[in-house]
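Below is input12.txt, holding compact mmCIF, C-alpha atoms and all ligand atoms.
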# COMPACT_ATOMS: atom_id res chain seq x y z
CA MET A 523 -6.79 -45.53 -8.82
CA PHE A 524 -5.01 -42.20 -8.48
CA SER A 525 -6.87 -39.19 -9.82
CA ALA A 526 -5.35 -35.75 -10.03
CA VAL A 527 -6.61 -33.17 -7.58
CA VAL A 528 -7.50 -30.24 -9.81
CA ILE A 529 -8.90 -26.76 -9.37
CA THR A 530 -12.32 -26.32 -10.93
CA GLY A 531 -12.95 -22.67 -10.08
CA VAL A 532 -11.35 -19.59 -8.54
CA ASN A 533 -12.40 -16.22 -7.19
CA ALA A 534 -11.47 -13.53 -8.07
CA ILE A 535 -11.69 -14.66 -11.65
CA ALA A 536 -8.33 -14.91 -13.41
CA ASN A 537 -7.42 -11.70 -15.28
CA SER A 538 -10.41 -9.83 -13.87
CA HIS A 539 -9.96 -6.06 -13.54
CA THR A 540 -13.04 -5.51 -11.42
CA ALA A 541 -12.47 -7.51 -8.24
CA PRO A 542 -13.72 -5.60 -5.18
CA VAL A 543 -10.85 -4.38 -2.97
CA GLY A 544 -12.30 -6.40 -0.10
CA THR A 545 -12.63 -9.59 -2.08
CA ASP A 546 -11.92 -12.95 -0.49
CA ILE A 547 -9.90 -15.31 -2.63
CA THR A 548 -11.42 -18.75 -3.03
CA THR A 549 -10.21 -21.86 -4.80
CA ILE A 550 -12.48 -24.81 -5.46
CA TYR A 551 -11.08 -28.28 -6.11
CA ASP A 552 -12.74 -31.36 -7.51
CA GLN A 553 -12.14 -33.20 -4.24
CA ASN A 554 -12.19 -32.42 -0.55
CA ILE A 555 -8.98 -30.83 0.68
CA ASP A 556 -6.86 -31.79 3.66
CA THR A 557 -7.51 -29.74 6.79
CA GLY A 558 -4.49 -31.08 8.60
CA GLY A 559 -1.96 -28.47 7.59
CA SER A 560 -1.07 -28.75 3.92
CA VAL A 561 -2.88 -25.46 3.23
CA LYS A 562 -0.73 -22.66 4.62
CA ASP A 563 0.89 -19.44 3.52
CA THR A 564 3.74 -21.27 1.84
CA THR A 565 1.45 -23.46 -0.28
CA PHE A 566 -1.31 -20.91 -0.86
CA VAL A 567 0.65 -17.74 -1.59
CA VAL A 568 -0.90 -14.33 -2.20
CA HIS A 569 1.28 -11.47 -3.42
CA ALA A 570 -0.33 -8.06 -3.82
CA MET A 571 1.96 -5.82 -5.87
CA GLN A 572 1.39 -2.67 -3.79
CA THR A 573 1.05 -4.40 -0.46
CA GLY A 574 3.62 -7.16 -0.48
CA GLN A 575 3.42 -10.85 0.03
CA ILE A 576 0.62 -11.50 2.42
CA VAL A 577 2.11 -13.91 4.90
CA ASN A 578 1.62 -14.58 8.60
CA PRO A 579 3.08 -12.95 10.58
CA PRO A 580 3.03 -9.93 10.44
CA HIS A 581 -0.32 -10.05 8.72
CA ASP A 582 -3.29 -11.64 10.37
CA ASN A 583 -4.91 -13.35 7.47
CA THR A 584 -7.20 -16.31 7.55
CA ILE A 585 -6.84 -19.30 5.26
CA GLY A 586 -9.79 -21.62 5.72
CA VAL A 587 -10.59 -25.03 4.27
CA VAL A 588 -14.14 -26.33 4.10
CA GLY A 589 -14.74 -29.42 2.01
CA ASP A 590 -13.39 -28.79 -1.48
CA THR A 591 -12.88 -25.03 -1.02
CA ILE A 592 -10.00 -22.91 0.25
CA THR A 593 -10.94 -19.36 1.28
CA PHE A 594 -8.36 -16.66 1.91
CA ASN A 595 -9.56 -13.59 3.80
CA PRO A 596 -6.93 -10.80 3.81
CA ASP A 597 -6.66 -8.68 6.94
CA ASN A 598 -6.70 -5.49 4.88
CA ASP A 599 -8.37 -4.50 1.65
CA PHE A 600 -6.32 -4.55 -1.51
CA LYS A 601 -5.29 -1.23 -3.03
CA PRO A 602 -7.50 0.04 -5.84
CA GLY A 603 -5.93 -0.90 -9.13
CA GLU A 604 -3.23 -3.17 -7.73
CA THR A 605 -2.45 -6.54 -9.23
CA ILE A 606 -2.69 -9.61 -7.03
CA HIS A 607 -0.90 -12.86 -7.84
CA VAL A 608 -2.16 -16.10 -6.31
CA ILE A 609 -0.14 -19.31 -6.28
CA ALA A 610 -1.77 -22.56 -5.20
CA THR A 611 1.13 -25.00 -5.09
CA ASP A 612 1.11 -28.76 -5.38
CA GLY A 613 1.86 -28.85 -1.66
CA ILE A 614 -1.90 -28.63 -1.16
CA ARG A 615 -3.22 -32.18 -0.63
CA ASN A 616 -6.54 -33.92 -0.66
CA THR A 617 -7.79 -35.91 2.30
CA LEU A 618 -5.76 -38.92 1.08
CA ALA A 619 -2.56 -36.79 1.12
CA GLU A 620 -2.40 -36.82 -2.68
CA ALA A 621 -0.84 -33.77 -4.32
CA SER A 622 -2.92 -31.24 -6.23
CA VAL A 623 -2.19 -29.74 -9.62
CA LYS A 624 -0.66 -26.30 -9.04
CA ARG A 625 -2.16 -23.14 -10.47
CA VAL A 626 -1.01 -19.52 -10.72
CA TRP A 627 -3.35 -16.70 -11.63
CA GLU A 628 -3.68 -12.96 -11.22
CA PHE A 629 -6.36 -10.33 -11.07
CA ARG A 630 -6.64 -6.61 -10.39
CA ALA A 631 -8.54 -4.87 -7.64
CA GLU A 632 -11.13 -2.48 -8.95
CA ALA A 633 -10.44 1.25 -9.01
CA SER A 634 -13.78 3.00 -8.73
CA GLY A 635 -14.83 6.62 -8.99
CA GLY A 636 -12.63 9.43 -10.28
CA THR A 637 -13.22 11.88 -13.07
CA GLY A 638 -9.91 11.84 -14.92
CA LEU A 639 -9.43 15.52 -14.04
CA PHE A 640 -6.31 16.20 -11.96
CA GLY A 641 -5.42 19.08 -9.62
CA ASN A 642 -1.94 20.04 -8.41
CA SER A 643 -1.48 19.19 -4.72
CA GLY A 644 1.16 21.92 -4.46
CA GLN A 645 3.90 19.67 -3.14
CA GLY A 646 7.47 20.03 -4.38
CA LEU A 647 9.22 16.77 -3.64
CA GLY A 648 12.96 16.78 -4.17
CA ASN A 649 15.11 18.46 -6.77
CA HIS A 650 16.66 15.63 -8.70
CA SER A 651 16.73 14.22 -12.16
CA SER A 652 14.07 11.65 -11.47
CA ARG A 653 13.60 8.83 -13.94
CA ASP A 654 11.03 6.55 -12.39
CA ALA A 655 8.74 6.15 -9.40
CA ALA A 656 7.01 3.14 -7.93
CA LEU A 657 4.11 3.31 -5.51
CA SER A 658 3.57 0.70 -2.81
CA ASP A 659 2.89 0.51 0.89
CA LEU A 660 6.51 0.37 1.99
CA ASP A 661 5.93 0.64 5.74
CA SER A 662 2.75 -1.45 6.00
CA ASP A 663 0.60 1.29 7.47
CA GLY A 664 -2.06 1.04 4.79
CA ASP A 665 -1.16 3.92 2.48
CA LEU A 666 0.93 4.09 -0.66
CA ASP A 667 4.47 5.45 -0.42
CA ALA A 668 6.88 6.23 -3.24
CA PHE A 669 10.32 4.96 -4.22
CA VAL A 670 11.87 7.40 -6.69
CA ALA A 671 14.79 6.46 -8.93
CA ASN A 672 17.08 9.42 -9.60
CA ALA A 673 19.79 9.86 -12.20
CA GLY A 674 22.89 12.00 -12.41
CA GLY A 675 24.49 10.80 -9.18
CA SER A 676 21.54 11.86 -7.03
CA PRO A 677 20.53 9.22 -4.52
CA ASN A 678 17.28 7.39 -4.90
CA ARG A 679 14.70 8.51 -2.36
CA VAL A 680 11.78 7.07 -0.46
CA TRP A 681 8.82 9.37 0.19
CA MET A 682 6.40 8.51 2.96
CA ASN A 683 2.69 9.15 2.70
CA ASP A 684 0.73 10.48 5.70
CA GLY A 685 -2.37 8.80 4.35
CA SER A 686 -3.77 12.01 2.84
CA SER A 687 -1.38 12.17 -0.12
CA ASN A 688 1.08 14.42 1.74
CA PHE A 689 4.60 13.06 1.31
CA THR A 690 7.62 13.45 3.58
CA ASP A 691 11.20 12.65 2.66
CA GLY A 692 12.11 9.35 4.31
CA GLY A 693 15.65 10.65 4.86
CA GLN A 694 17.44 7.87 3.03
CA ASP A 695 20.12 8.29 0.38
CA LEU A 696 19.99 5.06 -1.58
CA GLY A 697 22.91 4.88 -3.94
CA ASP A 698 24.56 7.55 -6.06
CA HIS A 699 24.12 6.15 -9.52
CA PHE A 700 22.36 6.99 -12.75
CA SER A 701 19.22 5.08 -11.90
CA CYS A 702 16.68 4.54 -14.61
CA ASP A 703 13.93 2.38 -13.28
CA VAL A 704 12.65 0.73 -10.14
CA ALA A 705 10.35 -2.20 -9.53
CA LEU A 706 9.00 -3.16 -6.13
CA GLY A 707 8.19 -6.65 -4.94
CA ASP A 708 8.84 -8.98 -2.05
CA LEU A 709 12.22 -10.27 -3.14
CA ASP A 710 13.16 -12.13 0.03
CA GLY A 711 9.76 -13.56 0.87
CA ASP A 712 9.36 -11.93 4.27
CA GLY A 713 6.17 -10.11 3.36
CA ASP A 714 7.40 -6.58 2.75
CA LEU A 715 8.30 -4.87 -0.49
CA ASP A 716 11.90 -4.59 -1.64
CA ALA A 717 13.31 -2.69 -4.60
CA PHE A 718 15.15 -3.68 -7.75
CA VAL A 719 16.79 -0.59 -9.27
CA THR A 720 18.28 -0.56 -12.73
CA ASN A 721 21.26 1.73 -13.40
CA ARG A 722 22.69 3.04 -16.62
CA ASN A 723 26.19 1.87 -17.40
CA PHE A 724 27.69 4.65 -19.47
CA PHE A 725 30.27 5.50 -16.83
CA PRO A 726 33.67 3.78 -16.95
CA GLY A 727 33.35 0.40 -15.34
CA GLY A 728 29.61 0.45 -15.62
CA GLN A 729 27.03 0.67 -12.89
CA ALA A 730 25.48 -2.52 -11.70
CA ASN A 731 21.82 -2.76 -10.88
CA HIS A 732 21.06 -2.88 -7.19
CA VAL A 733 18.66 -4.68 -4.92
CA TRP A 734 17.53 -2.86 -1.79
CA LEU A 735 15.92 -4.86 0.97
CA ASN A 736 13.26 -3.43 3.23
CA GLN A 737 14.35 -3.53 6.84
CA GLU A 738 12.32 -5.04 9.61
CA LEU A 739 10.86 -1.84 10.96
CA ARG A 740 7.32 -2.53 9.88
CA ARG A 741 4.44 -1.66 12.10
CA SER A 742 1.42 -3.83 12.45
CA PRO A 743 -1.11 -2.99 9.76
CA LYS A 744 -3.76 -2.86 12.45
CA SER A 745 -1.82 -0.55 14.72
CA SER A 746 -1.06 1.99 12.03
CA SER A 747 -2.06 5.64 11.86
CA ALA A 748 1.09 7.18 13.33
CA ALA A 749 0.09 10.38 11.62
CA ALA A 750 -3.39 10.23 13.07
CA ALA A 751 -1.85 9.71 16.49
CA GLY A 752 0.33 12.78 16.07
CA ARG A 753 3.59 10.91 15.71
CA SER A 754 6.07 11.70 13.04
CA PRO A 755 5.77 9.74 9.82
CA SER A 756 7.43 6.40 10.11
CA LEU A 757 10.56 5.69 8.16
CA ILE A 758 11.57 2.48 6.58
CA PHE A 759 15.13 1.78 5.70
CA LEU A 760 16.33 -0.06 2.66
CA ARG A 761 19.76 -0.85 3.83
CA ALA A 762 23.08 -1.65 2.34
CA THR A 763 24.48 -5.09 2.49
CA THR A 764 27.07 -6.24 4.94
CA ARG A 765 28.91 -7.59 1.92
CA ALA A 766 29.07 -4.40 -0.11
CA PRO A 767 28.90 -0.79 1.00
CA THR A 768 26.02 0.47 -1.08
CA ALA A 769 23.60 -2.28 -1.81
CA ILE A 770 22.56 -5.75 -0.88
CA GLN A 771 23.56 -7.01 -4.25
CA SER A 772 25.39 -5.57 -7.19
CA LEU A 773 24.11 -7.67 -10.00
CA SER A 774 26.28 -8.56 -12.91
CA ALA A 775 26.41 -5.75 -15.42
CA ALA A 776 26.73 -8.25 -18.21
CA ARG A 777 23.53 -10.00 -17.28
CA PHE A 778 21.34 -7.43 -15.62
CA ASN A 779 22.50 -3.89 -16.31
CA SER A 780 20.24 -1.76 -18.42
CA ALA A 781 22.35 -0.28 -21.16
CA ARG A 782 19.91 2.57 -21.64
CA CYS A 783 17.17 4.18 -19.65
CA ARG A 784 14.31 2.67 -21.51
CA GLY A 785 11.84 -0.10 -21.04
CA ARG A 786 10.32 -1.17 -17.78
CA THR A 787 11.50 -3.15 -14.84
CA SER A 788 8.92 -5.47 -13.39
CA ILE A 789 8.88 -8.02 -10.62
CA ARG A 790 6.48 -10.87 -10.91
CA SER A 791 5.77 -13.70 -8.59
CA CA B 1 2.63 3.45 3.77
CA CA B 2 1.85 6.58 6.03
CA CA B 3 10.75 -8.30 1.55
CA CA B 4 12.14 -7.06 5.19
Give the structure from the file, written as C-alpha cells.
Amino acid sequence: MFSAVVITGVNAIANSHTAPVGTDITTIYDQNIDTGGSVKDTTFVVHAMQTGQIVNPPHDNTIGVVGDTITFNPDNDFKPGETIHVIATDGIRNTLAEASVKRVWEFRAEASGGTGLFGNSGQGLGNHSSRDAALSDLDSDGDLDAFVANAGGSPNRVWMNDGSSNFTDGGQDLGDHFSCDVALGDLDGDGDLDAFVTNRNFFPGGQANHVWLNQELRRSPKSSSAAAAGRSPSLIFLRATTRAPTAIQSLSAARFNSARCRGRTSIRS
C-alpha cells in the first residue's frame, strides 16, 4: 500500500532567526531516501537572499543522503542576518521511487555581536537622488556589494565592496529612470543575483519596471580575494537585453509599474 513520503524534521528550524552562519541544512523523512540521483540541486534547492541560489556549478556544495536524511553542506558560510529559503520538491524519491511530499521553509542566519552604535566610515558614494539600496554578494567573492536605485534620471549604480566595507563604483550606468526600489534575487536560476527595479511612472508614457540580469563574470567563491591579491576590484555587469536597448525586460506598466515611490519590492523563492 502506498504511503506518502513525508518530512518529519528539518534543520535549521523553520522561521528560526538564530541559525549559525555555518549551519548545515538537514531534512529528515519518515522513510529512507533514494541515493540514485533524485536528490540534486534542482530538487533540493537552497536560495540565500544575499548570496544567490546555491547551485553547482559554480558553487561546490555537497548534498548527501544517508538513510532517511538529506544533508546540505554549503561551500561558504551564510551572511549574518540573511534569509535562506529551502525547497525540497516532490522530485525527491524514496528507495521505491515514490514521490515525497514537498516542503518549503525559510530561516535567518544569526547576526551576532554589535553594539548598535554607528560610526561614519567617511565614504561619499555618488551624488544622486538615491531612493533604495540592496545589499548582496553580486560578484560571488564573499562580501556584500550594493545596488543603488536612483531617481531623477540618474542611472542606477552598483558599488563593489573590497571586503573591508570600502566601496568602489562598479562603473555601470543602469537605466536613466526615476527608480524607486530594487530587490535582488536569482531571477534566471543560474545561481547569481539579478535585480528587479521599480520605476515611477509620472512621466508621459510611463516608465516600466526593469529586470537586470547579472552577467557571467563571476569568480569562484574559493578563488576570491582580488583585493587581497592587489588586483583591482572586480566588476560585474548587469547588461541590457538584446531585445531592448536598456533592460532585459520592460515589464508592463499596467501590471508591474509602481505608481508611487512607496512600499517595498521583494523577491521570494
Ligand atoms: Ca562581493
Ligand atoms: Ca569584493
Ligand atoms: Ca541569476
Ligand atoms: Ca548570471
Subject >> Selection as a list of chain:residue names: residues within 7 Å of ligand CA 4 (chain B) by all atoms listed in the file >> reply: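 Sorted by chain and then by number, the residues are A:Asp712, A:Gly713, A:Asp714, A:Leu735, A:Asn736, A:Gln737, A:Glu738.
Distances here use all atoms listed in the file; by that measure, the residue among A:Val670, A:Ala619, A:Ile606, A:Met682 closest to Ser538 in chain A is A:Ile606.
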Subject >> Selection within 9 Å of ligand CA 1 (chain B) by only C-alpha atoms and all ligand atoms, output as a list of chain:residue names >> reply: A:Ser658, A:Asp659, A:Leu660, A:Asp661, A:Ser662, A:Asp663, A:Gly664, A:Asp665, A:Leu666, A:Asp667, A:Ala668, A:Met682, A:Asn683, A:Asp684, A:Gly685, A:Ser756
**OP:** Provide the CA of Thr549 in chain A to CA of Thr564 in chain A distance in Å, to one decimal place.
**Re:**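 Going from CA of Thr549 in chain A over to CA of Thr564 in chain A, I get 15.5 Å.
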**OP:** Name the closest residue to ligand CA 3 (chain B) among the candidates A:Asn533, A:Gln575, A:Thr584, A:Ser560; distances are taken between atoms, counting only C-alpha atoms and all ligand atoms.
**Re:** A:Gln575
